[in-house]
$ cat query.cif   # mmCIF, C-alpha atoms and all ligand atoms
data_upload
loop_
_atom_site.group_PDB
_atom_site.id
_atom_site.type_symbol
_atom_site.label_atom_id
_atom_site.label_comp_id
_atom_site.auth_asym_id
_atom_site.auth_seq_id
_atom_site.Cartn_x
_atom_site.Cartn_y
_atom_site.Cartn_z
ATOM 1 C CA MET A 1 0.000 0.000 0.000
ATOM 2 C CA ASN A 2 1.200 3.545 -0.708
ATOM 3 C CA HIS A 3 2.290 5.740 2.159
ATOM 4 C CA ARG A 4 0.082 8.719 2.945
ATOM 5 C CA SER A 5 0.990 11.822 4.903
ATOM 6 C CA GLY A 6 0.188 15.462 5.317
ATOM 7 C CA PHE A 7 -0.040 18.635 7.307
ATOM 8 C CA VAL A 8 -3.414 18.971 8.970
ATOM 9 C CA ASN A 9 -3.549 22.553 10.164
ATOM 10 C CA ILE A 10 -5.948 23.496 12.944
ATOM 11 C CA ILE A 11 -7.232 27.050 12.616
ATOM 12 C CA GLY A 12 -10.012 29.083 14.188
ATOM 13 C CA ASN A 13 -10.932 31.870 16.557
ATOM 14 C CA PRO A 14 -9.625 32.025 20.142
ATOM 15 C CA ASN A 15 -11.069 29.655 22.728
ATOM 16 C CA VAL A 16 -13.078 27.412 20.382
ATOM 17 C CA GLY A 17 -11.164 24.291 21.482
ATOM 18 C CA LYS A 18 -8.383 23.957 18.880
ATOM 19 C CA SER A 19 -5.835 22.726 21.406
ATOM 20 C CA THR A 20 -8.318 20.373 23.075
ATOM 21 C CA ILE A 21 -9.042 18.872 19.659
ATOM 22 C CA MET A 22 -5.374 18.432 18.755
ATOM 23 C CA ASN A 23 -4.634 16.765 22.083
ATOM 24 C CA ALA A 24 -7.624 14.457 21.626
ATOM 25 C CA LEU A 25 -6.498 13.520 18.103
ATOM 26 C CA VAL A 26 -2.897 12.931 19.164
ATOM 27 C CA GLY A 27 -3.827 11.271 22.441
ATOM 28 C CA GLU A 28 -1.299 13.313 24.433
ATOM 29 C CA ARG A 29 -1.428 16.512 26.429
ATOM 30 C CA LEU A 30 0.802 18.546 24.136
ATOM 31 C CA SER A 31 -0.845 21.946 23.959
ATOM 32 C CA ILE A 32 -1.917 23.699 27.109
ATOM 33 C CA ILE A 33 -5.634 24.353 27.512
ATOM 34 C CA THR A 34 -7.310 27.022 29.616
ATOM 35 C CA SER A 35 -10.627 28.816 29.680
ATOM 36 C CA LYS A 36 -8.886 32.063 28.674
ATOM 37 C CA ALA A 37 -8.589 33.240 25.078
ATOM 38 C CA GLN A 38 -5.104 33.387 23.510
ATOM 39 C CA THR A 39 -3.785 30.456 25.479
ATOM 40 C CA THR A 40 -1.788 29.125 22.521
ATOM 41 C CA ARG A 41 0.959 31.449 21.280
ATOM 42 C CA HIS A 42 2.948 29.170 18.987
ATOM 43 C CA ARG A 43 2.429 26.737 16.166
ATOM 44 C CA ILE A 44 2.749 23.361 17.857
ATOM 45 C CA MET A 45 2.951 20.157 15.879
ATOM 46 C CA GLY A 46 1.482 16.900 17.097
ATOM 47 C CA ILE A 47 2.393 13.860 15.016
ATOM 48 C CA VAL A 48 0.401 10.648 14.694
ATOM 49 C CA ASN A 49 2.171 7.744 13.014
ATOM 50 C CA GLY A 50 0.813 4.554 11.501
ATOM 51 C CA GLU A 51 2.523 1.894 9.444
ATOM 52 C CA ASP A 52 1.301 3.450 6.191
ATOM 53 C CA PHE A 53 0.495 7.006 7.237
ATOM 54 C CA GLN A 54 1.810 10.047 9.100
ATOM 55 C CA ILE A 55 -0.452 12.905 10.148
ATOM 56 C CA ILE A 56 1.234 16.130 11.226
ATOM 57 C CA TYR A 57 -1.255 18.274 13.088
ATOM 58 C CA SER A 58 -0.492 21.912 13.783
ATOM 59 C CA ASP A 59 -2.217 23.643 16.647
ATOM 60 C CA THR A 60 -2.141 27.414 16.156
ATOM 61 C CA PRO A 61 -3.042 30.566 18.109
ATOM 62 C CA GLY A 62 -6.614 31.830 17.798
ATOM 63 C CA ILE A 63 -7.169 34.376 15.042
ATOM 64 C CA ILE A 64 -7.094 37.967 16.360
ATOM 65 C CA ASN A 65 -6.418 41.479 15.172
ATOM 66 C CA PRO A 66 -2.944 42.122 16.587
ATOM 67 C CA ALA A 67 -2.629 44.982 19.072
ATOM 68 C CA TYR A 68 1.059 44.477 19.886
ATOM 69 C CA LYS A 69 4.112 42.761 18.392
ATOM 70 C CA LEU A 70 3.695 39.472 20.267
ATOM 71 C CA GLN A 71 0.225 39.142 18.761
ATOM 72 C CA GLU A 72 1.620 40.009 15.316
ATOM 73 C CA SER A 73 4.042 37.166 15.703
ATOM 74 C CA MET A 74 1.251 34.841 16.861
ATOM 75 C CA MET A 75 -0.656 35.696 13.690
ATOM 76 C CA LYS A 76 2.425 34.873 11.601
ATOM 77 C CA PHE A 77 2.143 31.324 12.920
ATOM 78 C CA VAL A 78 -1.508 31.263 11.834
ATOM 79 C CA LEU A 79 -0.594 32.585 8.382
ATOM 80 C CA SER A 80 2.116 29.956 7.978
ATOM 81 C CA ALA A 81 -0.517 27.335 8.760
ATOM 82 C CA PHE A 82 -2.701 28.783 6.019
ATOM 83 C CA GLU A 83 0.168 28.382 3.582
ATOM 84 C CA ASP A 84 1.321 24.790 3.991
ATOM 85 C CA ALA A 85 -1.842 22.860 4.825
ATOM 86 C CA ASP A 86 -2.761 19.632 3.037
ATOM 87 C CA ILE A 87 -6.021 19.635 4.969
ATOM 88 C CA PHE A 88 -7.612 22.483 6.919
ATOM 89 C CA LEU A 89 -9.306 21.704 10.165
ATOM 90 C CA TYR A 90 -11.308 24.858 10.676
ATOM 91 C CA ILE A 91 -12.705 24.906 14.196
ATOM 92 C CA THR A 92 -15.727 26.783 15.437
ATOM 93 C CA ASP A 93 -17.860 26.161 18.497
ATOM 94 C CA VAL A 94 -21.508 26.441 19.414
ATOM 95 C CA ILE A 95 -20.898 29.622 21.425
ATOM 96 C CA GLU A 96 -19.283 32.074 19.019
ATOM 97 C CA SER A 97 -21.396 33.873 16.448
ATOM 98 C CA ILE A 98 -20.751 32.873 12.873
ATOM 99 C CA ASP A 99 -19.958 36.500 11.953
ATOM 100 C CA LYS A 100 -16.845 36.324 14.091
ATOM 101 C CA ASN A 101 -15.293 34.145 11.399
ATOM 102 C CA GLU A 102 -15.728 36.581 8.523
ATOM 103 C CA HIS A 103 -12.094 37.566 8.375
ATOM 104 C CA TYR A 104 -10.746 34.251 7.131
ATOM 105 C CA ILE A 105 -13.828 32.671 5.604
ATOM 106 C CA SER A 106 -13.178 34.267 2.217
ATOM 107 C CA LYS A 107 -9.721 32.680 2.235
ATOM 108 C CA LEU A 108 -11.272 29.288 2.934
ATOM 109 C CA GLN A 109 -13.980 29.785 0.332
ATOM 110 C CA LYS A 110 -11.337 30.312 -2.340
ATOM 111 C CA THR A 111 -9.000 27.454 -1.489
ATOM 112 C CA ASN A 112 -8.882 24.106 -3.262
ATOM 113 C CA ILE A 113 -7.391 22.407 -0.228
ATOM 114 C CA PRO A 114 -9.857 20.088 1.531
ATOM 115 C CA ILE A 115 -11.548 21.666 4.554
ATOM 116 C CA ILE A 116 -13.043 19.829 7.469
ATOM 117 C CA LEU A 117 -15.239 22.232 9.383
ATOM 118 C CA VAL A 118 -15.510 21.121 12.983
ATOM 119 C CA ILE A 119 -18.300 22.433 15.188
ATOM 120 C CA ASN A 120 -17.002 21.821 18.697
ATOM 121 C CA LYS A 121 -18.610 21.884 22.177
ATOM 122 C CA ILE A 122 -21.866 20.270 21.037
ATOM 123 C CA ASP A 123 -22.289 19.008 24.618
ATOM 124 C CA LEU A 124 -23.526 22.550 25.340
ATOM 125 C CA ILE A 125 -26.551 22.704 22.999
ATOM 126 C CA ASN A 126 -29.551 20.696 21.844
ATOM 127 C CA GLN A 127 -30.126 18.969 18.525
ATOM 128 C CA GLU A 128 -32.390 21.669 17.147
ATOM 129 C CA LYS A 129 -29.857 24.455 17.648
ATOM 130 C CA LEU A 130 -27.090 22.274 16.273
ATOM 131 C CA GLU A 131 -29.048 21.607 13.108
ATOM 132 C CA MET A 132 -29.502 25.352 12.618
ATOM 133 C CA LEU A 133 -25.756 25.883 12.983
ATOM 134 C CA ILE A 134 -24.936 23.062 10.581
ATOM 135 C CA ASP A 135 -27.337 24.601 8.095
ATOM 136 C CA GLU A 136 -25.751 28.046 8.351
ATOM 137 C CA TRP A 137 -22.184 26.740 8.099
ATOM 138 C CA GLY A 138 -23.170 24.541 5.169
ATOM 139 C CA LYS A 139 -24.250 27.634 3.262
ATOM 140 C CA LEU A 140 -21.092 29.539 4.165
ATOM 141 C CA LEU A 141 -18.634 26.784 3.255
ATOM 142 C CA PRO A 142 -20.460 24.434 0.910
ATOM 143 C CA LYS A 143 -17.287 22.582 -0.095
ATOM 144 C CA ALA A 144 -16.277 21.748 3.475
ATOM 145 C CA ARG A 145 -16.969 18.435 5.138
ATOM 146 C CA LEU A 146 -18.923 19.265 8.286
ATOM 147 C CA LEU A 147 -18.517 17.441 11.579
ATOM 148 C CA ALA A 148 -20.016 18.144 14.991
ATOM 149 C CA VAL A 149 -17.888 17.041 17.944
ATOM 150 C CA SER A 150 -17.287 17.479 21.622
ATOM 151 C CA ALA A 151 -13.557 17.372 22.245
ATOM 152 C CA LEU A 152 -14.142 17.593 25.978
ATOM 153 C CA LYS A 153 -16.338 14.477 26.008
ATOM 154 C CA ASN A 154 -14.321 12.804 23.274
ATOM 155 C CA PHE A 155 -17.479 12.592 21.190
ATOM 156 C CA ASN A 156 -17.010 12.036 17.421
ATOM 157 C CA ILE A 157 -13.233 12.472 17.633
ATOM 158 C CA ASN A 158 -12.836 8.982 16.149
ATOM 159 C CA VAL A 159 -15.077 9.980 13.223
ATOM 160 C CA LEU A 160 -12.983 13.123 12.791
ATOM 161 C CA PHE A 161 -9.838 11.005 12.736
ATOM 162 C CA ASP A 162 -11.299 8.642 10.111
ATOM 163 C CA THR A 163 -12.356 11.634 7.987
ATOM 164 C CA ILE A 164 -8.834 13.075 8.126
ATOM 165 C CA LEU A 165 -7.302 9.738 7.192
ATOM 166 C CA GLU A 166 -9.682 9.447 4.253
ATOM 167 C CA LYS A 167 -8.567 12.832 2.892
ATOM 168 C CA LEU A 168 -4.834 12.341 3.524
ATOM 169 C CA PRO A 169 -2.839 12.522 0.262
ATOM 170 C CA GLU A 170 -0.035 10.196 -0.745
ATOM 171 C CA GLY A 171 3.255 11.420 0.665
ATOM 172 C CA PRO A 172 6.526 10.599 2.412
ATOM 173 C CA GLU A 173 7.499 10.341 6.074
ATOM 174 C CA TYR A 174 8.251 13.971 6.890
ATOM 175 C CA PHE A 175 9.482 13.089 10.382
ATOM 176 C CA PRO A 176 11.001 9.894 11.808
ATOM 177 C CA LYS A 177 8.198 7.480 12.666
ATOM 178 C CA ASP A 178 8.774 7.728 16.426
ATOM 179 C CA SER A 179 8.282 11.530 16.478
ATOM 180 C CA LEU A 180 5.502 13.035 18.534
ATOM 181 C CA THR A 181 6.148 16.752 18.112
ATOM 182 C CA ASP A 182 8.509 19.356 16.689
ATOM 183 C CA LYS A 183 8.937 21.046 20.064
ATOM 184 C CA SER A 184 11.489 20.362 22.817
ATOM 185 C CA GLU A 185 10.970 19.231 26.406
ATOM 186 C CA ARG A 186 12.033 22.711 27.501
ATOM 187 C CA PHE A 187 9.247 24.230 25.437
ATOM 188 C CA PHE A 188 6.594 22.046 27.069
ATOM 189 C CA VAL A 189 7.978 22.699 30.551
ATOM 190 C CA ALA A 190 7.713 26.461 29.900
ATOM 191 C CA GLU A 191 4.175 25.979 28.601
ATOM 192 C CA ILE A 192 3.117 24.073 31.722
ATOM 193 C CA ILE A 193 4.345 26.960 33.885
ATOM 194 C CA ARG A 194 2.518 29.452 31.656
ATOM 195 C CA GLU A 195 -0.647 27.389 31.958
ATOM 196 C CA LYS A 196 -0.504 27.803 35.746
ATOM 197 C CA ILE A 197 -0.050 31.558 35.315
ATOM 198 C CA LEU A 198 -3.100 31.675 33.024
ATOM 199 C CA LYS A 199 -5.126 29.754 35.578
ATOM 200 C CA ASN A 200 -4.068 31.620 38.707
ATOM 201 C CA TYR A 201 -4.080 35.270 37.644
ATOM 202 C CA LYS A 202 -6.649 37.612 36.190
ATOM 203 C CA LYS A 203 -6.946 40.377 33.654
ATOM 204 C CA GLU A 204 -3.722 41.508 31.978
ATOM 205 C CA ILE A 205 -1.297 39.340 33.959
ATOM 206 C CA PRO A 206 -1.416 36.165 31.832
ATOM 207 C CA TYR A 207 -0.976 38.277 28.697
ATOM 208 C CA SER A 208 2.015 40.103 30.164
ATOM 209 C CA VAL A 209 3.985 36.996 31.067
ATOM 210 C CA GLU A 210 6.537 34.924 29.204
ATOM 211 C CA ILE A 211 8.389 31.932 30.603
ATOM 212 C CA GLU A 212 12.062 31.311 29.937
ATOM 213 C CA ILE A 213 13.797 28.110 30.981
ATOM 214 C CA GLU A 214 17.146 29.322 32.216
ATOM 215 C CA SER A 215 18.623 25.948 33.000
ATOM 216 C CA PHE A 216 17.524 22.334 32.859
ATOM 217 C CA LYS A 217 19.953 19.957 34.533
ATOM 218 C CA GLU A 218 19.135 16.298 34.304
ATOM 219 C CA SER A 219 20.431 13.787 36.775
ATOM 220 C CA GLU A 220 19.557 10.191 37.462
ATOM 221 C CA LYS A 221 16.956 10.747 40.158
ATOM 222 C CA ILE A 222 15.821 14.345 39.772
ATOM 223 C CA ASP A 223 15.861 17.134 37.187
ATOM 224 C CA HIS A 224 16.739 20.661 38.345
ATOM 225 C CA ILE A 225 14.865 23.324 36.421
ATOM 226 C CA ARG A 226 15.286 27.079 36.817
ATOM 227 C CA ALA A 227 12.714 29.217 35.062
ATOM 228 C CA ASN A 228 12.255 32.967 34.758
ATOM 229 C CA ILE A 229 8.815 34.485 34.712
ATOM 230 C CA HIS A 230 9.154 37.675 32.693
ATOM 231 C CA VAL A 231 6.632 40.430 33.367
ATOM 232 C CA MET A 232 6.251 43.786 31.670
ATOM 233 C CA ARG A 233 6.098 46.142 34.632
ATOM 234 C CA ASP A 234 7.283 46.442 38.271
ATOM 235 C CA SER A 235 3.740 46.351 39.628
ATOM 236 C CA GLN A 236 3.155 42.973 37.978
ATOM 237 C CA LYS A 237 6.096 41.428 39.796
ATOM 238 C CA GLY A 238 4.408 41.884 43.164
ATOM 239 C CA ILE A 239 1.153 40.442 41.890
ATOM 240 C CA ILE A 240 2.905 37.341 40.575
ATOM 241 C CA ILE A 241 4.729 36.797 43.874
ATOM 242 C CA GLY A 242 1.669 37.483 46.045
ATOM 243 C CA HIS A 243 1.479 38.028 49.807
ATOM 244 C CA GLN A 244 4.621 36.544 51.366
ATOM 245 C CA GLY A 245 5.253 34.630 48.190
ATOM 246 C CA SER A 246 2.036 32.645 48.453
ATOM 247 C CA MET A 247 0.952 32.941 44.829
ATOM 248 C CA LEU A 248 4.340 32.090 43.364
ATOM 249 C CA LYS A 249 4.515 29.094 45.665
ATOM 250 C CA LYS A 250 1.112 27.893 44.467
ATOM 251 C CA VAL A 251 2.118 28.285 40.802
ATOM 252 C CA GLY A 252 5.390 26.484 41.500
ATOM 253 C CA THR A 253 3.748 23.532 43.213
ATOM 254 C CA GLU A 254 1.070 23.106 40.558
ATOM 255 C CA ALA A 255 3.602 23.409 37.734
ATOM 256 C CA ARG A 256 6.067 21.016 39.358
ATOM 257 C CA LYS A 257 3.418 18.299 39.713
ATOM 258 C CA ASP A 258 2.444 18.547 36.041
ATOM 259 C CA ILE A 259 6.071 18.724 34.889
ATOM 260 C CA GLU A 260 6.819 15.610 36.925
ATOM 261 C CA SER A 261 4.041 13.691 35.270
ATOM 262 C CA PHE A 262 5.049 15.049 31.841
ATOM 263 C CA LEU A 263 8.706 14.019 32.287
ATOM 264 C CA ASP A 264 7.827 10.978 34.385
ATOM 265 C CA LYS A 265 10.538 12.015 36.818
ATOM 266 C CA LYS A 266 11.030 13.953 40.031
ATOM 267 C CA VAL A 267 11.685 17.649 39.490
ATOM 268 C CA PHE A 268 13.149 20.462 41.556
ATOM 269 C CA LEU A 269 11.620 23.635 40.135
ATOM 270 C CA GLU A 270 12.858 27.137 40.925
ATOM 271 C CA LEU A 271 10.918 30.149 39.695
ATOM 272 C CA PHE A 272 12.213 33.717 39.480
ATOM 273 C CA VAL A 273 10.234 36.792 38.506
ATOM 274 C CA LYS A 274 11.972 39.322 36.248
ATOM 275 C CA VAL A 275 10.786 42.691 35.047
ATOM 276 C CA ASN A 276 11.496 42.887 31.339
ATOM 277 C CA LYS A 277 10.014 46.222 30.324
ATOM 278 C CA ASP A 278 7.470 45.941 27.535
ATOM 279 C CA TRP A 279 8.991 42.707 26.196
ATOM 280 C CA ARG A 280 5.795 42.091 24.190
ATOM 281 C CA ASP A 281 6.722 44.903 21.834
ATOM 282 C CA LYS A 282 10.466 44.314 21.501
ATOM 283 C CA PRO A 283 11.446 42.367 18.378
ATOM 284 C CA LEU A 284 14.786 41.202 19.758
ATOM 285 C CA GLN A 285 13.236 39.952 22.992
ATOM 286 C CA LEU A 286 10.491 38.197 21.060
ATOM 287 C CA ARG A 287 13.044 36.415 18.885
ATOM 288 C CA LYS A 288 14.882 35.276 22.008
ATOM 289 C CA PHE A 289 11.595 33.856 23.274
ATOM 290 C CA GLY A 290 11.106 31.875 20.062
ATOM 291 C CA TYR A 291 8.725 34.137 18.158
ATOM 292 C CA GLN A 292 9.285 35.203 14.557
HETATM 293 N N1 LIG A 301 -18.061 22.333 26.974
HETATM 294 C C1 LIG A 301 -16.976 22.139 26.220
HETATM 295 N N2 LIG A 301 -15.870 22.859 26.445
HETATM 296 C C2 LIG A 301 -14.788 22.631 25.658
HETATM 297 C C3 LIG A 301 -14.793 21.661 24.619
HETATM 298 N N3 LIG A 301 -13.586 21.694 24.016
HETATM 299 C C4 LIG A 301 -12.845 22.621 24.665
HETATM 300 N N4 LIG A 301 -13.556 23.191 25.659
HETATM 301 C C5 LIG A 301 -13.139 24.244 26.589
HETATM 302 O O1 LIG A 301 -12.946 25.451 25.884
HETATM 303 C C6 LIG A 301 -11.880 26.222 26.484
HETATM 304 C C7 LIG A 301 -10.853 26.572 25.427
HETATM 305 O O2 LIG A 301 -10.214 25.389 24.964
HETATM 306 P P1 LIG A 301 -8.821 25.419 24.189
HETATM 307 O O3 LIG A 301 -8.585 24.053 23.636
HETATM 308 O O4 LIG A 301 -7.770 26.047 25.021
HETATM 309 O O5 LIG A 301 -9.209 26.419 23.003
HETATM 310 P P2 LIG A 301 -8.267 27.050 21.864
HETATM 311 O O6 LIG A 301 -9.095 27.212 20.653
HETATM 312 O O7 LIG A 301 -7.041 26.241 21.713
HETATM 313 O O8 LIG A 301 -7.948 28.465 22.497
HETATM 314 P P3 LIG A 301 -6.709 29.489 22.141
HETATM 315 O O9 LIG A 301 -5.432 28.726 22.196
HETATM 316 O O10 LIG A 301 -6.801 30.497 23.242
HETATM 317 O O11 LIG A 301 -7.019 30.079 20.806
HETATM 318 C C8 LIG A 301 -11.323 25.352 27.612
HETATM 319 O O12 LIG A 301 -11.906 25.775 28.812
HETATM 320 C C9 LIG A 301 -11.783 23.953 27.229
HETATM 321 O O13 LIG A 301 -11.922 23.093 28.334
HETATM 322 C C10 LIG A 301 -15.994 20.905 24.423
HETATM 323 O O14 LIG A 301 -16.104 20.033 23.563
HETATM 324 N N5 LIG A 301 -17.052 21.197 25.241
HETATM 325 MG MG MG A 302 -5.068 26.750 22.015
#

$ encode --input "query.cif" --output "structure tokens" --more "lines below"
Ligand SMILES: Nc1nc2c(ncn2[C@@H]2O[C@H](COP(=O)(O)OP(=O)(O)OP(=O)(O)O)[C@@H](O)[C@H]2O)c(=O)[nH]1
Ligand SMILES: [Mg+2]
Amino acid sequence: MNHRSGFVNIIGNPNVGKSTIMNALVGERLSIITSKAQTTRHRIMGIVNGEDFQIIYSDTPGIINPAYKLQESMMKFVLSAFEDADIFLYITDVIESIDKNEHYISKLQKTNIPIILVINKIDLINQEKLEMLIDEWGKLLPKARLLAVSALKNFNINVLFDTILEKLPEGPEYFPKDSLTDKSERFFVAEIIREKILKNYKKEIPYSVEIEIESFKESEKIDHIRANIHVMRDSQKGIIIGHQGSMLKKVGTEARKDIESFLDKKVFLELFVKVNKDWRDKPLQLRKFGYQ
């Protein structure tokens, strides 16, 4: 049998469940997931290998109108995913209004690349409302294959997988067959820490933070990890640390537990808070943090 492979790029507005869907399809917790919009900042590949196929998923940041340079860079990842897709997985959910998708719909309407339109979070509505949504989306993207899923409940994810496999073109192994992702352990460790920041702080804080792994020393029994939490302003440093260090301690404990289960090893995690004035708008800083 011929080998099939391709880039299946996951695109959509913020918070619709793109990362939840990629993790469900890959069967691993690769991308972080939170209830806040703009959780994903990078293009993260998740690779699923079979004897005669290789699917390379790309999770991407939610589509936004950039207000600062970090967001511009996030949108570059989205654009790159528009450019090299073999299959588009365009994600919407049952909460957002269809109009919110206007920006990129015309792009999708014009493309000849197969589109699977996924309506996620169907656990939140009834059949009647779902049928209305399917009807509306069908008119908007008549060429797309439409699927209704609940990534949270793992409902119809197997059907989604079969549909992707069906549409996968013939192609080579792009990555060695034991690959799971294009990102490093360090990257995922930083993401786990950022997830705890997103969960534990409100308003602007999660959007003002970047995590840098300063050192990662492996030894037989325990890994020593030092990470810097970069904030934009002095006042944010105090908020991150909290009263007598209580908040930073909480973040550290929660992150350490998840890092330990991710690495399957004991971890000693040290967190430091650094003020890095307006890093979100500094091209050099952004490049150092792995943005384009
Ligand atoms: N009820 C319900 N919630 C879901 C479902 N899928 C995802 N969610 C929730 O939706 C929120 C956003 O999920 P993410 O996977 O982070 O969404 P995203 O599209 O990757 O978001 P960004 O990275 O910020 O663009 C989280 O709170 C998820 O738990 C679903 O099928 N049903
Ligand atoms: Mg995401």

$ residues_near_ligand --input "query.cif" --ligand "ligand LIG 301 (chain A)" --cutoff "10 Å" --atoms "only C-alpha atoms and all ligand atoms" --output "ChimeraX atom specification"
/A:10-24,31-42,59-64,91-95,119-125,148-155

$ resolve_selection --input "query.cif" --expression "the PyMOL selection byres (((chain A and resi 213) around 10) and not hetatm)" --output "tab-separated table (two decimals) with C-alpha atoms, in the frame of the given file"
chain	number	residue	atom	x	y	z
A	186	ARG	CA	12.03	22.71	27.50
A	187	PHE	CA	9.25	24.23	25.44
A	189	VAL	CA	7.98	22.70	30.55
A	190	ALA	CA	7.71	26.46	29.90
A	193	ILE	CA	4.34	26.96	33.88
A	211	ILE	CA	8.39	31.93	30.60
A	212	GLU	CA	12.06	31.31	29.94
A	214	GLU	CA	17.15	29.32	32.22
A	215	SER	CA	18.62	25.95	33.00
A	216	PHE	CA	17.52	22.33	32.86
A	225	ILE	CA	14.86	23.32	36.42
A	226	ARG	CA	15.29	27.08	36.82
A	227	ALA	CA	12.71	29.22	35.06
A	228	ASN	CA	12.26	32.97	34.76
A	229	ILE	CA	8.82	34.48	34.71
A	271	LEU	CA	10.92	30.15	39.70
A	289	PHE	CA	11.60	33.86	23.27

$ closest_residue --input "query.cif" --among "A:Met247, A:Ile192, A:Leu165, A:Ile115" --to "A:Phe262" --atoms "all atoms listed in the file"
A:Ile192

$ axis_aligned_box --input "query.cif" --around "stretch 178-190 of chain A" --padding-each-side "3 Å" --output "JSON"
{"center_x": 8.8, "center_y": 17.1, "center_z": 23.5, "size_x": 12.5, "size_y": 24.7, "size_z": 20.1}

$ atom_distance --input "query.cif" --atom1 "atom CA of A:Tyr291" --atom2 "atom CA of A:Arg43"
9.9 Å

$ residues_around --input "query.cif" --residues "stretch 131-140 of chain A" --least-positions-apart "3" --cutoff "9 Å" --atoms "all atoms listed in the file" --output "list in words"
Val94, Ile98, Ile105, Gln109, Leu117, Ile119, Asn126, Gln127, Glu128, Lys143, Ala144, Arg145, Leu146, Leu147 and Ala148 of chain A

$ closest_residue --input "query.cif" --among "A:Ser184, A:Asp52, A:Ser58, A:Val8" --to "ligand MG 302 (chain A)" --atoms "all atoms listed in the file"
A:Ser58

$ resolve_selection --input "query.cif" --expression "the PyMOL selection byres (((chain A and resi 181) around 7) and not hetatm)" --output "PyMOL selection string"
chain A and resi 45-47+179-180+182-183

$ closest_residue --input "query.cif" --among "A:Ile56, A:Leu130, A:Val118, A:Met74" --to "ligand MG 302 (chain A)" --atoms "only C-alpha atoms and all ligand atoms"
A:Met74

$ resolve_selection --input "query.cif" --expression "the PyMOL selection byres (((chain A and resi 55) around 8) and not hetatm)" --output "ChimeraX atom specification"
/A:5-8,47-49,53-54,56-57,168

$ write_last_selection --input "query.cif" --atoms "C-alpha atoms" --output "compact mmCIF listing (two decimals), keeping the file's coordinate frame"
# COMPACT_ATOMS: atom_id res chain seq x y z
CA SER A 5 0.99 11.82 4.90
CA GLY A 6 0.19 15.46 5.32
CA PHE A 7 -0.04 18.64 7.31
CA VAL A 8 -3.41 18.97 8.97
CA ILE A 47 2.39 13.86 15.02
CA VAL A 48 0.40 10.65 14.69
CA ASN A 49 2.17 7.74 13.01
CA PHE A 53 0.50 7.01 7.24
CA GLN A 54 1.81 10.05 9.10
CA ILE A 56 1.23 16.13 11.23
CA TYR A 57 -1.25 18.27 13.09
CA LEU A 168 -4.83 12.34 3.52

$ atom_distance --input "query.cif" --atom1 "atom CA of A:Leu248" --atom2 "atom CA of A:Val273"
9.0 Å

$ closest_residue --input "query.cif" --among "A:Glu191, A:Ser208, A:Asp178, A:Glu83" --to "ligand MG 302 (chain A)" --atoms "all atoms listed in the file"
A:Glu191

$ atom_distance --input "query.cif" --atom1 "atom CA of A:Gly238" --atom2 "atom CA of A:Glu204"
13.8 Å

$ residues_around --input "query.cif" --residues "A:Ser219" --least-positions-apart "2" --cutoff "12 Å" --atoms "only C-alpha atoms" --output "list in words"
Phe216, Lys217, Lys221, Ile222, Asp223, His224, Ile225, Lys265, Lys266, Val267 and Phe268 of chain A
